[in-house]
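A.B. asks: So that you have it, the file is upload.txt, and it contains compact mmCIF, C-alpha atoms and all ligand atoms:
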# COMPACT_ATOMS: atom_id res chain seq x y z
CA MET C 1 93.40 -116.23 173.58
CA GLY C 2 93.12 -119.73 172.16
CA SER C 3 95.81 -122.33 172.85
CA SER C 4 97.22 -121.67 169.37
CA GLY C 5 97.88 -117.99 170.14
CA GLU C 6 95.07 -116.86 167.86
CA VAL C 7 92.13 -114.49 168.39
CA CYS C 8 89.21 -113.93 165.99
CA VAL C 9 87.06 -110.79 166.17
CA ARG C 10 83.83 -110.16 164.24
CA VAL C 11 83.10 -106.54 163.48
CA PRO C 12 80.08 -104.95 161.75
CA ALA C 13 79.59 -102.57 158.82
CA LYS C 14 77.78 -99.30 159.54
CA ILE C 15 75.31 -97.11 157.75
CA ASN C 16 74.26 -93.56 158.57
CA LEU C 17 70.50 -93.33 159.01
CA GLU C 18 70.96 -89.59 159.11
CA LEU C 19 74.11 -87.66 158.21
CA ARG C 20 74.20 -83.88 158.63
CA VAL C 21 77.45 -82.22 157.60
CA GLY C 22 78.39 -78.80 158.93
CA ALA C 23 81.31 -76.53 158.24
CA THR C 24 84.95 -77.53 157.84
CA ARG C 25 86.87 -77.30 161.12
CA PRO C 26 90.39 -75.90 161.52
CA ASP C 27 91.75 -79.50 161.47
CA GLY C 28 90.20 -80.07 158.01
CA PHE C 29 87.44 -82.41 159.18
CA HIS C 30 83.77 -81.49 158.88
CA GLU C 31 81.56 -81.05 161.90
CA LEU C 32 78.99 -83.88 161.83
CA ALA C 33 75.76 -84.92 163.46
CA THR C 34 74.88 -88.47 162.52
CA VAL C 35 72.93 -91.55 163.54
CA PHE C 36 74.96 -94.71 162.99
CA GLN C 37 73.48 -98.18 162.79
CA ALA C 38 75.61 -101.34 162.75
CA LEU C 39 74.45 -104.06 160.32
CA SER C 40 74.66 -107.85 160.25
CA LEU C 41 77.34 -107.60 157.57
CA HIS C 42 80.68 -108.42 159.12
CA ASP C 43 84.39 -108.60 158.54
CA GLU C 44 86.45 -111.03 160.63
CA VAL C 45 89.91 -110.16 161.87
CA VAL C 46 92.06 -113.14 162.85
CA ALA C 47 95.17 -112.16 164.82
CA THR C 48 98.06 -114.62 165.31
CA LEU C 49 101.22 -114.03 167.33
CA ASP C 50 104.21 -113.29 165.12
CA ASP C 51 107.63 -111.65 165.30
CA GLY C 52 106.76 -108.85 162.88
CA PHE C 53 103.61 -107.18 161.51
CA GLY C 54 101.92 -108.72 158.46
CA LEU C 55 98.51 -108.89 156.80
CA THR C 56 96.63 -111.24 154.47
CA LEU C 57 93.18 -110.92 152.91
CA GLU C 58 90.29 -113.16 151.91
CA GLY C 59 86.79 -112.58 150.52
CA PRO C 60 84.85 -110.95 147.66
CA HIS C 61 85.89 -107.42 148.66
CA THR C 62 89.66 -107.32 148.68
CA ALA C 63 90.55 -105.44 145.46
CA GLY C 64 92.24 -102.17 146.32
CA VAL C 65 92.90 -103.05 149.96
CA PRO C 66 96.55 -102.33 150.80
CA THR C 67 98.47 -105.09 152.59
CA GLY C 68 101.43 -102.88 153.61
CA PRO C 69 101.92 -100.75 156.71
CA GLU C 70 99.37 -98.18 155.45
CA ASN C 71 96.55 -100.69 156.00
CA LEU C 72 94.40 -99.24 158.79
CA ALA C 73 94.21 -102.59 160.65
CA LEU C 74 98.02 -102.86 160.73
CA ARG C 75 98.24 -99.24 161.85
CA ALA C 76 95.81 -100.09 164.65
CA ALA C 77 97.97 -103.03 165.78
CA ARG C 78 101.16 -100.92 165.75
CA LEU C 79 99.43 -98.07 167.60
CA LEU C 80 98.32 -100.45 170.35
CA ALA C 81 101.83 -101.95 170.65
CA GLU C 82 103.39 -98.49 170.78
CA ARG C 83 101.00 -97.06 173.39
CA THR C 84 101.14 -100.09 175.67
CA GLY C 85 104.89 -100.60 175.23
CA ILE C 86 104.26 -104.21 174.28
CA ASP C 87 107.14 -105.77 172.35
CA ALA C 88 105.20 -108.25 170.23
CA GLY C 89 104.11 -108.66 166.63
CA VAL C 90 101.01 -109.97 164.92
CA ARG C 91 99.86 -111.52 161.69
CA LEU C 92 96.39 -110.24 160.79
CA HIS C 93 94.12 -112.14 158.43
CA LEU C 94 91.07 -110.18 157.23
CA ARG C 95 87.99 -112.09 156.03
CA LYS C 96 86.23 -109.24 154.26
CA GLN C 97 82.52 -109.13 153.54
CA ILE C 98 82.12 -105.35 153.86
CA PRO C 99 82.50 -103.44 150.54
CA VAL C 100 85.82 -101.57 150.22
CA ALA C 101 85.64 -97.76 149.99
CA GLY C 102 81.87 -98.20 149.89
CA GLY C 103 80.72 -95.81 152.60
CA MET C 104 80.13 -98.63 155.11
CA ALA C 105 83.31 -98.12 157.14
CA GLY C 106 84.92 -101.43 156.16
CA GLY C 107 88.46 -100.19 156.77
CA SER C 108 87.39 -98.67 160.08
CA ALA C 109 85.76 -101.97 161.07
CA ASP C 110 89.02 -103.83 160.38
CA ALA C 111 90.93 -101.30 162.50
CA ALA C 112 88.47 -101.72 165.38
CA GLY C 113 88.71 -105.50 165.02
CA ALA C 114 92.51 -105.37 165.03
CA LEU C 115 92.54 -103.24 168.21
CA LEU C 116 90.30 -105.66 170.07
CA ALA C 117 92.02 -108.78 168.70
CA CYS C 118 95.55 -107.55 169.55
CA ASP C 119 94.43 -106.38 172.99
CA GLN C 120 93.35 -109.98 173.69
CA LEU C 121 96.25 -111.64 171.89
CA TRP C 122 98.91 -109.62 173.72
CA GLN C 123 96.87 -109.58 176.96
CA ALA C 124 97.23 -105.80 177.06
CA GLY C 125 94.11 -105.50 179.22
CA LEU C 126 92.88 -102.13 177.91
CA SER C 127 89.37 -101.07 178.92
CA ARG C 128 86.72 -100.37 176.27
CA ASP C 129 87.24 -96.64 176.99
CA GLU C 130 90.99 -96.88 176.41
CA LEU C 131 90.39 -98.77 173.16
CA ARG C 132 87.90 -96.09 172.10
CA VAL C 133 90.52 -93.35 172.50
CA LEU C 134 92.94 -95.24 170.23
CA ALA C 135 90.08 -95.94 167.80
CA ALA C 136 89.30 -92.22 167.47
CA GLU C 137 92.94 -91.53 166.59
CA LEU C 138 92.73 -94.03 163.73
CA GLY C 139 89.59 -92.64 162.07
CA SER C 140 86.22 -90.98 162.59
CA ASP C 141 84.21 -94.20 162.19
CA VAL C 142 86.47 -96.58 164.16
CA PRO C 143 84.93 -95.92 167.63
CA PHE C 144 81.46 -96.80 166.33
CA ALA C 145 82.70 -100.12 164.92
CA LEU C 146 83.79 -101.02 168.46
CA LEU C 147 80.50 -99.90 170.02
CA GLY C 148 77.94 -101.14 167.45
CA GLY C 149 74.16 -100.99 167.92
CA THR C 150 72.69 -97.61 167.06
CA ALA C 151 74.34 -94.39 168.21
CA ILE C 152 74.41 -90.65 167.67
CA GLY C 153 77.81 -89.40 166.50
CA THR C 154 79.01 -85.82 166.83
CA GLY C 155 82.33 -84.01 166.47
CA ARG C 156 83.88 -85.57 163.38
CA GLY C 157 81.72 -88.65 164.07
CA GLU C 158 83.87 -90.11 166.82
CA GLN C 159 81.93 -88.80 169.85
CA LEU C 160 79.21 -91.35 170.49
CA THR C 161 76.02 -91.61 172.52
CA ALA C 162 74.17 -94.92 172.36
CA ALA C 163 70.60 -94.49 171.07
CA LEU C 164 67.51 -96.24 172.35
CA THR C 165 65.89 -98.39 169.67
CA ARG C 166 63.31 -101.13 169.51
CA GLY C 167 63.03 -104.05 167.14
CA GLU C 168 65.00 -105.00 164.10
CA PHE C 169 65.14 -103.24 160.74
CA HIS C 170 65.60 -105.04 157.40
CA TRP C 171 67.96 -103.59 154.80
CA VAL C 172 69.09 -104.42 151.30
CA VAL C 173 72.67 -103.35 150.60
CA ALA C 174 73.62 -102.72 146.95
CA ALA C 175 77.35 -102.28 146.32
CA VAL C 176 79.37 -101.61 143.18
CA ASP C 177 83.02 -102.28 142.32
CA ARG C 178 83.63 -98.56 141.76
CA PRO C 179 85.05 -97.08 144.95
CA LEU C 180 84.52 -93.45 145.90
CA SER C 181 87.17 -91.61 147.90
CA THR C 182 85.73 -90.19 151.12
CA PRO C 183 87.88 -87.00 151.03
CA ALA C 184 86.83 -86.46 147.38
CA VAL C 185 83.14 -86.72 148.32
CA TYR C 186 83.55 -84.19 151.17
CA ARG C 187 85.41 -81.86 148.76
CA GLU C 188 82.59 -82.20 146.22
CA LEU C 189 80.05 -81.33 148.92
CA ASP C 190 82.08 -78.20 149.76
CA ARG C 191 82.13 -77.29 146.06
CA LEU C 192 78.36 -77.81 145.67
CA ARG C 193 77.71 -75.68 148.79
CA THR C 194 80.12 -72.85 147.95
CA GLY C 195 78.77 -69.57 149.34
CA ARG C 196 76.06 -71.23 151.46
CA VAL C 197 75.77 -70.29 155.13
CA LEU C 198 76.03 -73.54 157.13
CA VAL C 199 74.14 -74.08 160.37
CA GLU C 200 75.45 -76.27 163.17
CA PRO C 201 74.45 -79.83 162.27
CA ARG C 202 72.03 -81.71 164.52
CA VAL C 203 70.07 -84.91 164.10
CA SER C 204 66.31 -84.65 163.73
CA ASP C 205 63.72 -85.99 166.15
CA ALA C 206 62.13 -87.94 163.30
CA VAL C 207 64.83 -90.64 163.10
CA MET C 208 65.03 -91.07 166.88
CA GLN C 209 61.25 -91.36 167.22
CA ALA C 210 61.02 -93.91 164.39
CA LEU C 211 63.78 -95.99 166.05
CA LEU C 212 62.04 -95.89 169.42
CA ALA C 213 58.71 -96.85 167.87
CA ALA C 214 60.27 -99.66 165.77
CA ASP C 215 58.46 -98.02 162.85
CA PRO C 216 60.18 -98.79 159.53
CA VAL C 217 57.76 -96.65 157.49
CA ALA C 218 58.56 -93.56 159.57
CA LEU C 219 62.28 -94.40 159.50
CA GLY C 220 62.18 -94.75 155.72
CA GLU C 221 60.75 -91.26 155.41
CA ALA C 222 63.28 -89.79 157.85
CA LEU C 223 66.46 -91.23 156.26
CA HIS C 224 68.75 -88.38 155.19
CA ASN C 225 72.32 -88.03 153.95
CA ASP C 226 73.89 -84.61 153.25
CA LEU C 227 76.70 -86.37 151.34
CA GLU C 228 74.29 -87.99 148.87
CA PRO C 229 74.23 -85.12 146.30
CA ALA C 230 78.03 -85.05 146.33
CA ALA C 231 78.32 -88.84 145.88
CA CYS C 232 75.74 -88.73 143.05
CA SER C 233 77.55 -85.83 141.43
CA LEU C 234 80.77 -87.90 141.29
CA ASP C 235 78.96 -91.13 140.32
CA PRO C 236 75.70 -90.22 138.51
CA ALA C 237 74.66 -93.89 138.09
CA LEU C 238 73.79 -93.88 141.81
CA GLU C 239 70.63 -91.87 141.04
CA ARG C 240 69.37 -94.79 138.94
CA THR C 241 70.10 -97.32 141.68
CA LEU C 242 68.21 -95.16 144.19
CA ALA C 243 65.28 -94.90 141.75
CA VAL C 244 65.19 -98.70 141.20
CA ALA C 245 65.11 -99.23 144.98
CA ARG C 246 62.31 -96.70 145.48
CA ASP C 247 60.31 -98.04 142.52
CA GLY C 248 60.81 -101.50 144.01
CA GLY C 249 58.87 -100.40 147.08
CA ALA C 250 61.73 -99.53 149.44
CA LEU C 251 60.46 -97.59 152.47
CA GLY C 252 63.49 -95.38 151.94
CA ALA C 253 66.75 -95.56 149.99
CA ILE C 254 69.94 -93.58 150.54
CA VAL C 255 73.58 -93.55 149.66
CA SER C 256 75.49 -94.98 152.62
CA GLY C 257 77.93 -92.46 154.13
CA SER C 258 80.20 -91.16 151.36
CA GLY C 259 78.99 -93.94 149.02
CA PRO C 260 78.82 -95.47 146.52
CA THR C 261 76.94 -98.27 148.36
CA VAL C 262 73.17 -97.75 148.34
CA VAL C 263 71.05 -99.08 151.20
CA ALA C 264 67.30 -99.62 151.03
CA LEU C 265 65.03 -100.07 154.02
CA VAL C 266 62.33 -102.72 153.54
CA ARG C 267 59.36 -104.00 155.55
CA ASP C 268 60.55 -107.54 156.33
CA SER C 269 62.71 -110.41 155.11
CA GLU C 270 60.27 -111.31 152.32
CA HIS C 271 60.30 -107.75 151.01
CA ALA C 272 64.11 -107.82 151.26
CA LEU C 273 64.24 -110.88 149.02
CA ASP C 274 61.94 -109.24 146.42
CA LEU C 275 63.96 -106.04 146.34
CA ALA C 276 67.28 -107.91 146.26
CA VAL C 277 66.06 -109.74 143.13
CA THR C 278 64.95 -106.44 141.54
CA LEU C 279 68.25 -104.71 142.28
CA THR C 280 70.28 -107.67 140.98
CA ALA C 281 68.18 -107.81 137.80
CA SER C 282 68.73 -104.07 137.20
CA GLY C 283 72.35 -104.80 136.32
CA LEU C 284 73.32 -101.53 138.04
CA VAL C 285 75.06 -103.10 141.04
CA GLU C 286 77.50 -105.95 141.52
CA HIS C 287 76.86 -107.16 145.08
CA VAL C 288 73.43 -107.32 146.74
CA ARG C 289 73.06 -108.42 150.38
CA ARG C 290 70.09 -108.73 152.74
CA VAL C 291 70.96 -107.71 156.28
CA THR C 292 69.42 -106.48 159.53
CA GLY C 293 70.26 -103.80 162.04
CA PRO C 294 71.15 -102.98 164.70
CA ALA C 295 74.02 -105.48 165.16
CA ALA C 296 76.53 -105.77 168.00
CA GLY C 297 79.89 -104.01 167.85
CA ALA C 298 83.30 -105.71 167.64
CA ARG C 299 83.27 -109.05 169.52
CA VAL C 300 85.74 -111.86 170.10
CA VAL C 301 84.27 -115.06 168.62
O1 LIG D 1 88.35 -90.08 159.76
P1 LIG D 1 88.52 -90.77 158.46
O2 LIG D 1 89.95 -91.19 158.21
O3 LIG D 1 87.56 -91.86 158.20
O4 LIG D 1 88.20 -89.66 157.37
C1 LIG D 1 88.58 -89.81 156.03
C2 LIG D 1 88.47 -88.46 155.33
O5 LIG D 1 87.09 -88.07 155.23
C3 LIG D 1 89.14 -87.31 156.06
O6 LIG D 1 90.51 -87.24 155.73
C4 LIG D 1 88.36 -86.11 155.54
O7 LIG D 1 88.79 -85.74 154.25
C5 LIG D 1 86.96 -86.67 155.42
N1 LIG D 1 86.14 -86.41 156.61
C6 LIG D 1 85.72 -85.12 156.88
N2 LIG D 1 84.96 -84.88 158.00
C7 LIG D 1 84.60 -85.89 158.83
C8 LIG D 1 85.02 -87.21 158.57
C9 LIG D 1 85.79 -87.44 157.45
O8 LIG D 1 86.01 -84.19 156.14
N3 LIG D 1 83.87 -85.61 159.90
Could you express the structure from this file as structure tokens?
Ligand code: C5P

C.D. replies:
Amino acid sequence: MGSSGEVCVRVPAKINLELRVGATRPDGFHELATVFQALSLHDEVVATLDDGFGLTLEGPHTAGVPTGPENLALRAARLLAERTGIDAGVRLHLRKQIPVAGGMAGGSADAAGALLACDQLWQAGLSRDELRVLAAELGSDVPFALLGGTAIGTGRGEQLTAALTRGEFHWVVAAVDRPLSTPAVYRELDRLRTGRVLVEPRVSDAVMQALLAADPVALGEALHNDLEPAACSLDPALERTLAVARDGGALGAIVSGSGPTVVALVRDSEHALDLAVTLTASGLVEHVRRVTGPAAGARVV
């Protein structure tokens, strides 16, 4: 903690290099097998000691983010206080760069950042494992935002195994100001698959081998998202964005998680610049960013 009683945590966005969705479980969640990768696109969570619990926002992606107690970052702070019995409050300031409701786990990142920041601020002294348990209670993607890097996720996405990877991959992220609701996308997938027999989801060898070999061409071919048809069904313009990315020479292009953000894998930073210009010129997307992965998980800065 700084002398001013303030802690700042940087926390990454995620994409799913592969997302296989199985059947609905008794708790309403879907069984998943996924490969997460954290990207160099970050939110910052600044936590300051306070009597109560409050939240402020800054950045290009704040429309639609609640500032009341339903905000996932505030819920994370309260959960930590409750479980540790700490009688303290916090003011959270979120500097948001990650698209909201975009399929990149921005809300989950803020929750992970709030957990880590409040743990430091209140000197709660929780281990990474203890933080991970609280993270999983808050949402399926929150544990990965803490861990970062590249990891296989199973269960509802919260059970993680770090994956071996080599090198750095270059991505172009294309986001729109039209959020998609994650539950609505899962419901649409269920509707599209009505009557189909679902096998237990598992990740393919292709993605893992491409990651180990630092081979972007192979990774581009192996990218897969079971939620993509459902996201495109709810937001048909996404098909055009995917086509522009592929026509622009992307090694692979997919909807990120439940969408509507589209991510395109490119060869290098020069290719990223070319494709970013093409996607911006298409007029189909509002925010285009060039990023790399994997990136570290939540860190105090
Ligand atoms: O866990 P999280 O709060 O991020 O999930 C948001 C919603 O996404 C869930 O309420 C559920 O509708 C859907 N979901 C799902 N199966 C998963 C993860 C999320 O059905 N494995």

A.B. asks: I'd like the contact shell of stretch 118-121 of chain C - 8 Å cut-off, all atoms listed in the file, skipping same-chain residues fewer than 2 positions apart - returned as a VMD selection string.

C.D. replies: chain C and resid 1 5 to 7 47 to 49 77 80 90 114 to 116 123 to 126

A.B. asks: At most 10 Å is the cut-off: for each residue in chain C with any atom that close to an atom of ligand LIG 1 (chain D), write down the nearest atom pair and the distance in Å rounded to one decimal, counting only C-alpha atoms and all ligand atoms, chain first then increasing number, as JSON lines.

C.D. replies:
{"residue": "C:Arg20", "atom": "CA", "partner": "D:LIG1", "partner_atom": "N3", "distance": 9.9}
{"residue": "C:Val21", "atom": "CA", "partner": "D:LIG1", "partner_atom": "N3", "distance": 7.6}
{"residue": "C:Gly22", "atom": "CA", "partner": "D:LIG1", "partner_atom": "N3", "distance": 8.8}
{"residue": "C:Ala23", "atom": "CA", "partner": "D:LIG1", "partner_atom": "N2", "distance": 9.1}
{"residue": "C:Thr24", "atom": "CA", "partner": "D:LIG1", "partner_atom": "O8", "distance": 7.0}
{"residue": "C:Arg25", "atom": "CA", "partner": "D:LIG1", "partner_atom": "N2", "distance": 8.4}
{"residue": "C:Asp27", "atom": "CA", "partner": "D:LIG1", "partner_atom": "O8", "distance": 9.1}
{"residue": "C:Gly28", "atom": "CA", "partner": "D:LIG1", "partner_atom": "O8", "distance": 6.2}
{"residue": "C:Phe29", "atom": "CA", "partner": "D:LIG1", "partner_atom": "N2", "distance": 3.7}
{"residue": "C:His30", "atom": "CA", "partner": "D:LIG1", "partner_atom": "N2", "distance": 3.7}
{"residue": "C:Glu31", "atom": "CA", "partner": "D:LIG1", "partner_atom": "N3", "distance": 5.5}
{"residue": "C:Leu32", "atom": "CA", "partner": "D:LIG1", "partner_atom": "N3", "distance": 5.5}
{"residue": "C:Ala33", "atom": "CA", "partner": "D:LIG1", "partner_atom": "N3", "distance": 8.9}
{"residue": "C:Thr34", "atom": "CA", "partner": "D:LIG1", "partner_atom": "N3", "distance": 9.8}
{"residue": "C:Leu72", "atom": "CA", "partner": "D:LIG1", "partner_atom": "O2", "distance": 9.2}
{"residue": "C:Gly103", "atom": "CA", "partner": "D:LIG1", "partner_atom": "O3", "distance": 9.7}
{"residue": "C:Ala105", "atom": "CA", "partner": "D:LIG1", "partner_atom": "O3", "distance": 7.6}
{"residue": "C:Gly107", "atom": "CA", "partner": "D:LIG1", "partner_atom": "O3", "distance": 8.5}
{"residue": "C:Ser108", "atom": "CA", "partner": "D:LIG1", "partner_atom": "O3", "distance": 7.1}
{"residue": "C:Ala136", "atom": "CA", "partner": "D:LIG1", "partner_atom": "O1", "distance": 8.1}
{"residue": "C:Glu137", "atom": "CA", "partner": "D:LIG1", "partner_atom": "O1", "distance": 8.4}
{"residue": "C:Leu138", "atom": "CA", "partner": "D:LIG1", "partner_atom": "O2", "distance": 6.8}
{"residue": "C:Gly139", "atom": "CA", "partner": "D:LIG1", "partner_atom": "O1", "distance": 3.7}
{"residue": "C:Ser140", "atom": "CA", "partner": "D:LIG1", "partner_atom": "O1", "distance": 3.7}
{"residue": "C:Asp141", "atom": "CA", "partner": "D:LIG1", "partner_atom": "O3", "distance": 5.7}
{"residue": "C:Val142", "atom": "CA", "partner": "D:LIG1", "partner_atom": "O3", "distance": 7.7}
{"residue": "C:Gly153", "atom": "CA", "partner": "D:LIG1", "partner_atom": "N3", "distance": 9.7}
{"residue": "C:Thr154", "atom": "CA", "partner": "D:LIG1", "partner_atom": "N3", "distance": 8.5}
{"residue": "C:Gly155", "atom": "CA", "partner": "D:LIG1", "partner_atom": "N3", "distance": 6.9}
{"residue": "C:Arg156", "atom": "CA", "partner": "D:LIG1", "partner_atom": "N3", "distance": 3.5}
{"residue": "C:Gly157", "atom": "CA", "partner": "D:LIG1", "partner_atom": "N3", "distance": 5.6}
{"residue": "C:Glu158", "atom": "CA", "partner": "D:LIG1", "partner_atom": "N3", "distance": 8.3}
{"residue": "C:Ser181", "atom": "CA", "partner": "D:LIG1", "partner_atom": "O5", "distance": 8.1}
{"residue": "C:Thr182", "atom": "CA", "partner": "D:LIG1", "partner_atom": "O5", "distance": 4.8}
{"residue": "C:Pro183", "atom": "CA", "partner": "D:LIG1", "partner_atom": "O7", "distance": 3.6}
{"residue": "C:Ala184", "atom": "CA", "partner": "D:LIG1", "partner_atom": "O7", "distance": 7.2}
{"residue": "C:Val185", "atom": "CA", "partner": "D:LIG1", "partner_atom": "C5", "distance": 8.1}
{"residue": "C:Tyr186", "atom": "CA", "partner": "D:LIG1", "partner_atom": "O8", "distance": 5.5}
{"residue": "C:Arg187", "atom": "CA", "partner": "D:LIG1", "partner_atom": "O7", "distance": 7.5}
{"residue": "C:Leu189", "atom": "CA", "partner": "D:LIG1", "partner_atom": "O8", "distance": 9.8}
{"residue": "C:Asp190", "atom": "CA", "partner": "D:LIG1", "partner_atom": "O8", "distance": 9.6}
{"residue": "C:Gly257", "atom": "CA", "partner": "D:LIG1", "partner_atom": "C8", "distance": 9.9}
{"residue": "C:Ser258", "atom": "CA", "partner": "D:LIG1", "partner_atom": "O5", "distance": 8.5}

A.B. asks: Between atom CA of C:Pro179 and atom CA of C:Thr261, what is the distance in Å, rounded to a tenth?

C.D. replies: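 For atom CA of C:Pro179 relative to atom CA of C:Thr261, the distance reads 8.9 Å.
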
A.B. asks: Considering only C-alpha atoms, state which residue in the set C:Ala264, C:Val9, C:Val173, C:Ala276 is at the smallest distance from C:His93.

C.D. replies: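 Going through C:Ala264, C:Val9, C:Val173, C:Ala276 one by one, the smallest distance to C:His93 is for C:Val9.
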
A.B. asks: Taking all atoms listed in the file into account, produce a table as a Markdown table in which each residue of stretch 226-269 of chain C with an atom at most 7 Å from an atom of stretch 199-222 of chain C appears once, together with its shortest atom pair and the distance in Å to one decimal, ordered by chain and rising number.

C.D. replies:
| residue | atom | partner | partner_atom | distance |
| --- | --- | --- | --- | --- |
| C:Leu251 | CA | C:Gly220 | CA | 4.6 |
| C:Gly252 | CA | C:Gly220 | CA | 4.0 |
| C:Leu265 | CA | C:Gly220 | CA | 6.3 |
| C:Arg267 | CA | C:Pro216 | CA | 6.6 |

A.B. asks: Quick one: distance from atom CA of C:Thr150 to atom CA of C:Ala13 in Å, one decimal?

C.D. replies: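 So the two atoms, atom CA of C:Thr150 and atom CA of C:Ala13, lie 11.8 Å apart.
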
A.B. asks: Measuring between all atoms listed in the file, which one of C:Gly248, C:Arg191, C:Val197, C:Arg75 shows the shortest distance to C:Ala230?

C.D. replies: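 That would be C:Arg191, the residue with the smallest distance to C:Ala230.
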
A.B. asks: Name the residues in contact with C:Val255 at a cut-off of 12 Å, using only C-alpha atoms, excluding same-chain residues fewer than 2 positions from it; report them as a JSON list (two decimals) with C-alpha atoms, in the coordinates of the input.

C.D. replies:
[["chain", "number", "residue", "atom", "x", "y", "z"],
["C", 15, "ILE", "CA", 75.31, -97.11, 157.75],
["C", 16, "ASN", "CA", 74.26, -93.56, 158.57],
["C", 17, "LEU", "CA", 70.50, -93.33, 159.01],
["C", 18, "GLU", "CA", 70.96, -89.59, 159.11],
["C", 19, "LEU", "CA", 74.11, -87.66, 158.21],
["C", 102, "GLY", "CA", 81.87, -98.20, 149.89],
["C", 103, "GLY", "CA", 80.72, -95.81, 152.60],
["C", 104, "MET", "CA", 80.13, -98.63, 155.11],
["C", 172, "VAL", "CA", 69.09, -104.42, 151.30],
["C", 173, "VAL", "CA", 72.67, -103.35, 150.60],
["C", 174, "ALA", "CA", 73.62, -102.72, 146.95],
["C", 175, "ALA", "CA", 77.35, -102.28, 146.32],
["C", 176, "VAL", "CA", 79.37, -101.61, 143.18],
["C", 180, "LEU", "CA", 84.52, -93.45, 145.90],
["C", 185, "VAL", "CA", 83.14, -86.72, 148.32],
["C", 223, "LEU", "CA", 66.46, -91.23, 156.26],
["C", 224, "HIS", "CA", 68.75, -88.38, 155.19],
["C", 225, "ASN", "CA", 72.32, -88.03, 153.95],
["C", 226, "ASP", "CA", 73.89, -84.61, 153.25],
["C", 227, "LEU", "CA", 76.70, -86.37, 151.34],
["C", 228, "GLU", "CA", 74.29, -87.99, 148.87],
["C", 229, "PRO", "CA", 74.23, -85.12, 146.30],
["C", 230, "ALA", "CA", 78.03, -85.05, 146.33],
["C", 231, "ALA", "CA", 78.32, -88.84, 145.88],
["C", 232, "CYS", "CA", 75.74, -88.73, 143.05],
["C", 233, "SER", "CA", 77.55, -85.83, 141.43],
["C", 235, "ASP", "CA", 78.96, -91.13, 140.32],
["C", 236, "PRO", "CA", 75.70, -90.22, 138.51],
["C", 237, "ALA", "CA", 74.66, -93.89, 138.09],
["C", 238, "LEU", "CA", 73.79, -93.88, 141.81],
["C", 239, "GLU", "CA", 70.63, -91.87, 141.04],
["C", 240, "ARG", "CA", 69.37, -94.79, 138.94],
["C", 241, "THR", "CA", 70.10, -97.32, 141.68],
["C", 242, "LEU", "CA", 68.21, -95.16, 144.19],
["C", 243, "ALA", "CA", 65.28, -94.90, 141.75],
["C", 245, "ALA", "CA", 65.11, -99.23, 144.98],
["C", 252, "GLY", "CA", 63.49, -95.38, 151.94],
["C", 253, "ALA", "CA", 66.75, -95.56, 149.99],
["C", 257, "GLY", "CA", 77.93, -92.46, 154.13],
["C", 258, "SER", "CA", 80.20, -91.16, 151.36],
["C", 259, "GLY", "CA", 78.99, -93.94, 149.02],
["C", 260, "PRO", "CA", 78.82, -95.47, 146.52],
["C", 261, "THR", "CA", 76.94, -98.27, 148.36],
["C", 262, "VAL", "CA", 73.17, -97.75, 148.34],
["C", 263, "VAL", "CA", 71.05, -99.08, 151.20],
["C", 264, "ALA", "CA", 67.30, -99.62, 151.03],
["C", 265, "LEU", "CA", 65.03, -100.07, 154.02]]

A.B. asks: Take atom CA of C:Gln37 and atom CA of C:Pro69 and report the distance between them in Å, one decimal.

C.D. replies: 29.2 Å

A.B. asks: Applying 9 Å and all atoms listed in the file, which residues near C:Arg299 remain after dropping the ones on its own chain fewer than 3 positions away? List them as a PDB file with C-alpha atoms, keeping the file's coordinate frame.

C.D. replies:
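Result file is out-v8.pdb:
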ATOM      1  CA  CYS C   8      89.210-113.930 165.990  1.00  0.00           C
ATOM      2  CA  VAL C   9      87.060-110.790 166.170  1.00  0.00           C
ATOM      3  CA  ARG C  10      83.830-110.160 164.240  1.00  0.00           C
ATOM      4  CA  VAL C  11      83.100-106.540 163.480  1.00  0.00           C
ATOM      5  CA  GLY C 113      88.710-105.500 165.020  1.00  0.00           C
ATOM      6  CA  LEU C 116      90.300-105.660 170.070  1.00  0.00           C
ATOM      7  CA  ALA C 117      92.020-108.780 168.700  1.00  0.00           C
ATOM      8  CA  LEU C 146      83.790-101.020 168.460  1.00  0.00           C
ATOM      9  CA  ALA C 296      76.530-105.770 168.000  1.00  0.00           C
TER      10      ALA C 296
END
